[in-house]
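Shown next: target10.cif, containing mmCIF, C-alpha atoms.
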data_final
loop_
_atom_site.label_atom_id
_atom_site.label_comp_id
_atom_site.auth_asym_id
_atom_site.auth_seq_id
_atom_site.Cartn_x
_atom_site.Cartn_y
_atom_site.Cartn_z
CA MET A 22 341.42 106.51 154.26
CA SER A 23 339.10 109.46 153.58
CA GLU A 24 337.60 111.34 156.50
CA SER A 25 333.87 111.83 157.02
CA LEU A 26 332.11 114.54 155.00
CA THR A 27 328.88 116.21 156.12
CA VAL A 28 327.10 119.24 154.70
CA THR A 29 324.39 121.27 156.43
CA ARG A 30 322.51 123.96 154.54
CA ILE A 31 321.95 127.02 156.69
CA ALA A 32 320.03 128.80 153.90
CA HIS A 33 320.50 129.86 150.28
CA SER A 34 324.22 129.27 149.51
CA CYS A 35 325.33 129.33 153.15
CA HIS A 36 326.50 125.90 154.28
CA LEU A 37 328.53 124.21 156.94
CA ILE A 38 330.94 121.74 155.34
CA GLN A 39 332.46 119.37 157.89
CA ILE A 40 335.39 117.19 156.83
CA GLY A 41 336.59 115.11 159.75
CA ASP A 42 337.08 117.62 162.56
CA LYS A 43 337.39 120.62 160.20
CA THR A 44 334.45 122.95 159.57
CA ILE A 45 334.15 125.44 156.72
CA LEU A 46 331.38 128.01 156.28
CA THR A 47 330.37 129.16 152.79
CA ASP A 48 328.85 132.52 151.78
CA PRO A 49 327.43 133.71 155.13
CA TRP A 50 323.84 135.00 155.03
CA PHE A 51 321.81 135.22 158.24
CA SER A 52 319.55 138.28 157.98
CA GLU A 53 317.17 139.81 155.45
CA LYS A 54 316.14 143.20 154.13
CA MET A 55 313.94 144.65 151.39
CA PHE A 56 314.20 142.56 148.20
CA TYR A 57 316.48 139.99 149.92
CA HIS A 58 314.61 137.13 151.61
CA PRO A 59 315.94 133.56 152.00
CA GLY A 60 312.50 132.10 151.30
CA GLU A 61 313.23 129.29 153.76
CA PRO A 62 314.13 128.98 157.46
CA VAL A 63 317.65 130.10 158.39
CA ALA A 64 318.96 127.13 160.36
CA LEU A 65 321.61 128.81 162.53
CA ARG A 66 322.63 132.23 163.77
CA PRO A 67 326.24 133.48 163.83
CA GLU A 68 326.20 133.23 167.61
CA THR A 69 325.25 129.54 167.50
CA LEU A 70 327.69 128.39 164.83
CA PRO A 71 330.23 125.75 165.83
CA HIS A 72 333.94 126.50 165.76
CA LEU A 73 334.90 127.38 162.20
CA ASP A 74 338.28 126.53 160.70
CA ALA A 75 337.70 128.67 157.60
CA VAL A 76 335.14 130.79 155.78
CA VAL A 77 334.91 131.16 151.99
CA ILE A 78 333.03 134.04 150.34
CA SER A 79 332.40 134.02 146.61
CA HIS A 80 331.43 137.67 146.10
CA GLU A 81 330.21 140.82 147.78
CA HIS A 82 326.44 140.63 147.27
CA TYR A 83 324.57 140.87 150.58
CA ASP A 84 322.93 137.44 150.27
CA HIS A 85 326.40 135.84 150.08
CA CYS A 86 328.41 138.25 152.20
CA ASP A 87 326.28 139.24 155.18
CA LEU A 88 329.16 140.55 157.24
CA HIS A 89 326.95 142.87 159.29
CA ALA A 90 325.32 139.78 160.83
CA PHE A 91 328.38 137.52 160.66
CA ARG A 92 330.45 139.96 162.76
CA HIS A 93 328.51 138.54 165.73
CA TYR A 94 330.41 135.26 165.26
CA ARG A 95 332.64 134.93 168.31
CA ASP A 96 336.04 134.54 166.58
CA HIS A 97 337.08 137.49 164.42
CA ASP A 98 340.42 135.78 163.77
CA VAL A 99 338.77 132.98 161.77
CA PRO A 100 340.61 132.58 158.43
CA MET A 101 338.55 133.99 155.58
CA ILE A 102 339.23 133.25 151.89
CA VAL A 103 337.36 135.72 149.73
CA ALA A 104 336.96 137.35 146.34
CA GLY A 105 339.12 140.45 146.10
CA PRO A 106 336.39 143.10 146.54
CA VAL A 107 335.34 141.45 149.82
CA VAL A 108 338.69 142.04 151.56
CA ALA A 109 338.05 145.63 152.63
CA LYS A 110 334.50 144.81 153.76
CA ALA A 111 335.68 141.89 155.89
CA ARG A 112 338.38 143.94 157.55
CA LYS A 113 335.97 146.79 158.17
CA ALA A 114 333.66 144.28 159.90
CA GLY A 115 336.53 143.42 162.26
CA PHE A 116 337.91 140.22 160.74
CA THR A 117 341.68 140.05 160.88
CA ASP A 118 342.75 137.02 158.82
CA VAL A 119 341.50 137.73 155.29
CA THR A 120 343.05 136.30 152.10
CA SER A 121 341.87 136.98 148.56
CA LEU A 122 342.32 134.50 145.73
CA GLU A 123 342.16 134.94 141.99
CA PRO A 124 340.94 132.06 139.79
CA TRP A 125 343.40 129.12 139.77
CA GLN A 126 345.21 130.37 142.86
CA SER A 127 345.30 128.26 146.05
CA THR A 128 345.94 128.68 149.75
CA ARG A 129 346.18 126.45 152.80
CA VAL A 130 344.52 126.86 156.17
CA GLY A 131 346.03 124.18 158.38
CA ASP A 132 345.02 120.88 156.79
CA ILE A 133 342.49 122.54 154.45
CA THR A 134 343.42 123.53 150.88
CA VAL A 135 341.22 126.05 149.09
CA HIS A 136 341.53 126.45 145.32
CA ALA A 137 339.80 129.37 143.59
CA ALA A 138 338.04 128.79 140.29
CA PRO A 139 336.36 131.26 137.93
CA GLY A 140 332.89 132.63 138.41
CA LEU A 141 330.68 134.94 136.36
CA HIS A 142 327.93 137.01 137.91
CA GLY A 143 326.71 140.59 138.16
CA VAL A 144 329.81 141.49 140.18
CA TYR A 145 333.27 139.95 140.41
CA GLU A 146 333.00 136.39 141.74
CA VAL A 147 335.20 133.39 142.36
CA THR A 148 334.12 129.84 143.17
CA TYR A 149 336.00 127.29 145.26
CA VAL A 150 337.30 123.76 145.43
CA ILE A 151 337.75 122.83 149.10
CA GLN A 152 339.96 119.85 149.95
CA ALA A 153 340.83 118.18 153.24
CA GLY A 154 341.08 114.69 154.65
CA GLY A 155 341.06 113.05 151.25
CA ARG A 156 337.77 114.79 150.34
CA SER A 157 337.00 117.38 147.66
CA VAL A 158 334.02 119.75 147.51
CA TYR A 159 333.15 122.22 144.76
CA PHE A 160 331.20 125.27 145.91
CA ALA A 161 329.82 127.36 143.05
CA GLY A 162 328.37 130.38 144.86
CA ASP A 163 325.83 131.71 142.38
CA THR A 164 327.87 131.79 139.19
CA LEU A 165 326.71 131.38 135.64
CA LEU A 166 328.00 128.39 133.72
CA THR A 167 331.23 129.36 131.93
CA PRO A 168 333.55 127.23 129.75
CA PRO A 169 336.42 127.20 132.29
CA LEU A 170 334.18 125.51 134.85
CA LEU A 171 333.69 122.60 132.48
CA THR A 172 337.46 121.96 132.75
CA LEU A 173 337.50 121.61 136.55
CA ALA A 174 337.53 117.82 136.36
CA GLU A 175 340.79 118.03 134.43
CA ARG A 176 342.38 119.96 137.30
CA HIS A 177 340.69 118.09 140.17
CA SER A 178 339.96 114.55 139.10
CA THR A 179 337.54 113.58 141.88
CA PHE A 180 334.73 115.51 143.56
CA ASP A 181 332.89 114.03 146.51
CA LEU A 182 330.30 116.81 146.55
CA ALA A 183 329.23 119.68 144.30
CA LEU A 184 327.05 122.52 145.62
CA LEU A 185 325.53 124.25 142.60
CA PRO A 186 323.11 127.19 142.15
CA VAL A 187 320.08 126.30 140.07
CA ASN A 188 317.48 129.08 140.01
CA GLY A 189 318.54 130.85 136.79
CA LEU A 190 318.07 134.25 138.44
CA ALA A 191 317.42 136.96 135.87
CA ILE A 192 317.07 140.73 136.23
CA ARG A 193 313.81 141.92 134.67
CA THR A 194 314.95 145.55 134.68
CA ALA A 195 318.06 144.61 132.66
CA GLY A 196 316.17 142.96 129.83
CA ASN A 197 315.77 139.67 131.72
CA LYS A 198 319.54 139.28 131.86
CA GLN A 199 320.42 135.90 133.41
CA VAL A 200 323.04 136.10 136.17
CA VAL A 201 322.90 132.62 137.78
CA MET A 202 322.95 129.07 136.40
CA ASN A 203 319.56 127.54 135.73
CA ALA A 204 318.66 123.88 136.22
CA ASP A 205 319.94 122.75 132.82
CA ASP A 206 323.17 124.74 133.16
CA ALA A 207 323.85 123.22 136.57
CA ALA A 208 323.06 119.72 135.25
CA GLU A 209 325.51 120.27 132.38
CA LEU A 210 328.19 121.22 134.91
CA THR A 211 327.25 118.17 136.99
CA ALA A 212 327.88 115.97 133.95
CA ALA A 213 331.31 117.55 133.51
CA LEU A 214 332.32 117.31 137.20
CA ARG A 215 330.96 113.81 137.83
CA PRO A 216 330.74 114.30 141.62
CA ARG A 217 329.78 111.46 143.93
CA LEU A 218 326.83 113.62 144.99
CA VAL A 219 325.37 116.94 143.84
CA VAL A 220 323.23 119.21 146.03
CA PRO A 221 321.32 122.22 144.66
CA GLN A 222 321.48 125.60 146.36
CA HIS A 223 320.33 129.16 145.66
CA TYR A 224 316.71 128.38 144.73
CA ALA A 225 314.38 129.46 147.54
CA PHE A 226 315.56 133.08 147.41
CA THR A 227 312.84 135.67 146.83
CA GLY A 228 312.77 139.41 146.32
CA GLY A 229 309.36 139.52 147.96
CA PRO A 230 306.05 140.14 146.15
CA VAL A 231 307.21 143.43 144.63
CA GLY A 232 310.78 142.37 143.91
CA ASP A 233 309.75 139.15 142.19
CA ARG A 234 307.09 140.86 140.11
CA LEU A 235 309.05 143.93 139.03
CA ILE A 236 312.78 143.21 139.39
CA LEU A 237 313.68 139.53 139.57
CA ARG A 238 312.73 136.31 137.83
CA SER A 239 313.83 132.88 139.04
CA ASP A 240 312.91 129.20 139.31
CA LYS A 241 312.21 128.30 142.92
CA ASP A 242 311.61 124.57 142.41
CA PRO A 243 314.77 122.45 142.92
CA GLY A 244 312.87 119.58 141.32
CA LEU A 245 313.68 121.18 137.95
CA PHE A 246 317.35 120.50 138.67
CA VAL A 247 316.64 116.97 139.88
CA ASN A 248 314.92 116.22 136.58
CA ALA A 249 317.67 117.90 134.55
CA VAL A 250 320.33 115.77 136.25
CA LYS A 251 318.33 112.65 135.43
CA ARG A 252 318.46 113.67 131.76
CA LEU A 253 322.01 115.05 131.47
CA ALA A 254 323.98 113.26 134.20
CA PRO A 255 321.96 110.16 135.15
CA ALA A 256 324.89 108.46 136.87
CA VAL A 257 325.22 111.23 139.47
CA PRO A 258 323.02 111.07 142.58
CA VAL A 259 321.28 114.33 143.49
CA THR A 260 319.84 115.20 146.88
CA VAL A 261 317.77 118.23 147.92
CA ILE A 262 318.39 118.98 151.59
CA GLU A 263 316.24 121.05 153.92
CA THR A 264 317.91 123.76 155.93
CA GLY A 265 319.28 122.50 159.22
CA SER A 266 319.37 118.85 158.12
CA PRO A 267 322.93 117.44 158.01
CA LEU A 268 323.71 115.17 155.08
CA THR A 269 326.64 112.76 155.23
CA VAL A 270 328.31 112.00 151.93
CA ALA A 271 329.48 108.42 151.48
CA PRO A 272 333.18 107.82 150.70
#
Could you take the file, read its structure, and then write that structure out as structure tokens?
Amino acid sequence: MSESLTVTRIAHSCHLIQIGDKTILTDPWFSEKMFYHPGEPVALRPETLPHLDAVVISHEHYDHCDLHAFRHYRDHDVPMIVAGPVVAKARKAGFTDVTSLEPWQSTRVGDITVHAAPGLHGVYEVTYVIQAGGRSVYFAGDTLLTPPLLTLAERHSTFDLALLPVNGLAIRTAGNKQVVMNADDAAELTAALRPRLVVPQHYAFTGGPVGDRLILRSDKDPGLFVNAVKRLAPAVPVTVIETGSPLTVAP
């Protein structure tokens, strides 16, 4: 029998994923600085997090790898599974149990199995399939849609939950180069994965008035993704969750 599965958005792409009595944190981000603002309330602080059994980090960008703030988490021995360039940063921040994975590699942390999958972004990125207690969660960080991701359902036949970026972030100063999936891209991936539930992430982010006007362009309305899923993957339920509100995923 599958164990319970609950997800709580802290902000942006930072979530608590609870499978039975196991808790995994994704892409820690708890603070802000110039051009990096969550655009929504941050639900928890590192000091108030529950016991974590593992942490996964998709890439080294500050809004996904806020180790300066996360070093205030009480247990620096927490197992961390990270993209390769994050290893040195995590160890410098004082974390002792750090493992890097390349795409299609896997590791176990107690009863949790973490599989790395490809990602494509402005820097090196991996995404993750997290499995425990008969449950399977795909966490996509802030990747673009790439052909290998459309094959994930062939490798992992069932997904209970997919957490997908949807804001189509583009860099104005690089010729409006897109670096994150947009709503239609994420809906196309949803159709390929066929999860029991899909939840959008990575949409409220803002570079501030100056950053958004001169540097960044993005869609901040998750409703665009909701509508895209209705068109491209109508059989898949989609839920937008507010930060700090736990959502339990049915078996």
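Shortest atom-to-atom contact with Asp96 (chain A) among A:Gln39, A:Ser121, A:Asn197, A:Thr69: A:Thr69, counting all atoms listed in the file.
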Selected residue, from A:Phe226, A:Trp50, A:Phe160, A:Phe246, that lies nearest to Thr148 (chain A) when counting only C-alpha atoms:
A:Phe160
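When only C-alpha atoms are used to compute distances to Trp125 (chain A), the closest of the residues A:Thr260, A:Gln199, A:Thr172, A:Thr164 turns out to be A:Thr172.
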Any idea what's packed within 10 Å of region 44-47 of chain A, counting only C-alpha atoms, ignoring anything in its chain fewer than 5 positions away? Could you give it as a ChimeraX atom specification?
/A:26-31,34-39,70-79,85-86,100-102,133,149,151,160-162
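Here CA of Lys113 (chain A) is placed at a distance of 9.3 Å from CA of Leu88 (chain A).
The smallest atom-to-atom distance between Arg129 (chain A) and any of A:Ala153, A:Ala212, A:Thr264, A:Arg112, using all atoms listed in the file, is found for A:Ala153.
Minimum distance to Asp233 (chain A) across A:Arg66, A:His58, A:His33, A:His82 (counting only C-alpha atoms) occurs at A:His58.
Here the question is which of A:Lys241, A:Arg234, A:Arg217, A:Lys54 gets nearest to Pro272 (chain A) using only C-alpha atoms, and that residue is A:Arg217.
From CA of Val158 (chain A) back to CA of Ala114 (chain A), the distance works out to 27.5 Å.
Reported to one decimal place, the separation of CA of Pro169 (chain A) from CA of Val270 (chain A) is 26.1 Å.
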Near-Gly105 (chain A) list (9 Å; all atoms listed in the file; drop same-chain fewer than 6 positions) as a PyMOL selection string
chain A and resi 80+120-123+145-147
Leaving out Gly244 (chain A) and any residue of its chain fewer than 3 positions from it, which residues lie within 12 Å of it when counting all atoms listed in the file, given as number ranges by chain?
A: 187-188, 203-205, 208, 220-222, 224-225, 240-241, 247-251, 259-262
Determine the residue membership of the PyMOL selection byres ((chain A and resi 23) around 8) for the file above and supply it as a VMD selection string.
chain A and resid 22 24 to 25 154 to 156 272
Could you give me, as number ranges by chain, the residues within 10 Å of Tyr83 (chain A), counting all atoms listed in the file and dropping anything in the same chain fewer than 4 positions from it?
A: 48-54, 57, 87-89
What does the PyMOL selection byres ((chain A and resi 228) around 10) select in this file, as a PDB file with C-alpha atoms, keeping the file's coordinate frame?
ATOM      1  CA  LYS A  54     316.140 143.200 154.130  1.00  0.00           C
ATOM      2  CA  MET A  55     313.940 144.650 151.390  1.00  0.00           C
ATOM      3  CA  PHE A  56     314.200 142.560 148.200  1.00  0.00           C
ATOM      4  CA  TYR A  57     316.480 139.990 149.920  1.00  0.00           C
ATOM      5  CA  HIS A  58     314.610 137.130 151.610  1.00  0.00           C
ATOM      6  CA  PRO A  59     315.940 133.560 152.000  1.00  0.00           C
ATOM      7  CA  GLY A  60     312.500 132.100 151.300  1.00  0.00           C
ATOM      8  CA  PHE A 226     315.560 133.080 147.410  1.00  0.00           C
ATOM      9  CA  THR A 227     312.840 135.670 146.830  1.00  0.00           C
ATOM     10  CA  GLY A 229     309.360 139.520 147.960  1.00  0.00           C
ATOM     11  CA  PRO A 230     306.050 140.140 146.150  1.00  0.00           C
ATOM     12  CA  VAL A 231     307.210 143.430 144.630  1.00  0.00           C
ATOM     13  CA  GLY A 232     310.780 142.370 143.910  1.00  0.00           C
ATOM     14  CA  ASP A 233     309.750 139.150 142.190  1.00  0.00           C
ATOM     15  CA  ARG A 234     307.090 140.860 140.110  1.00  0.00           C
ATOM     16  CA  LEU A 235     309.050 143.930 139.030  1.00  0.00           C
ATOM     17  CA  ILE A 236     312.780 143.210 139.390  1.00  0.00           C
ATOM     18  CA  LEU A 237     313.680 139.530 139.570  1.00  0.00           C
ATOM     19  CA  ARG A 238     312.730 136.310 137.830  1.00  0.00           C
ATOM     20  CA  SER A 239     313.830 132.880 139.040  1.00  0.00           C
TER      21      SER A 239
END
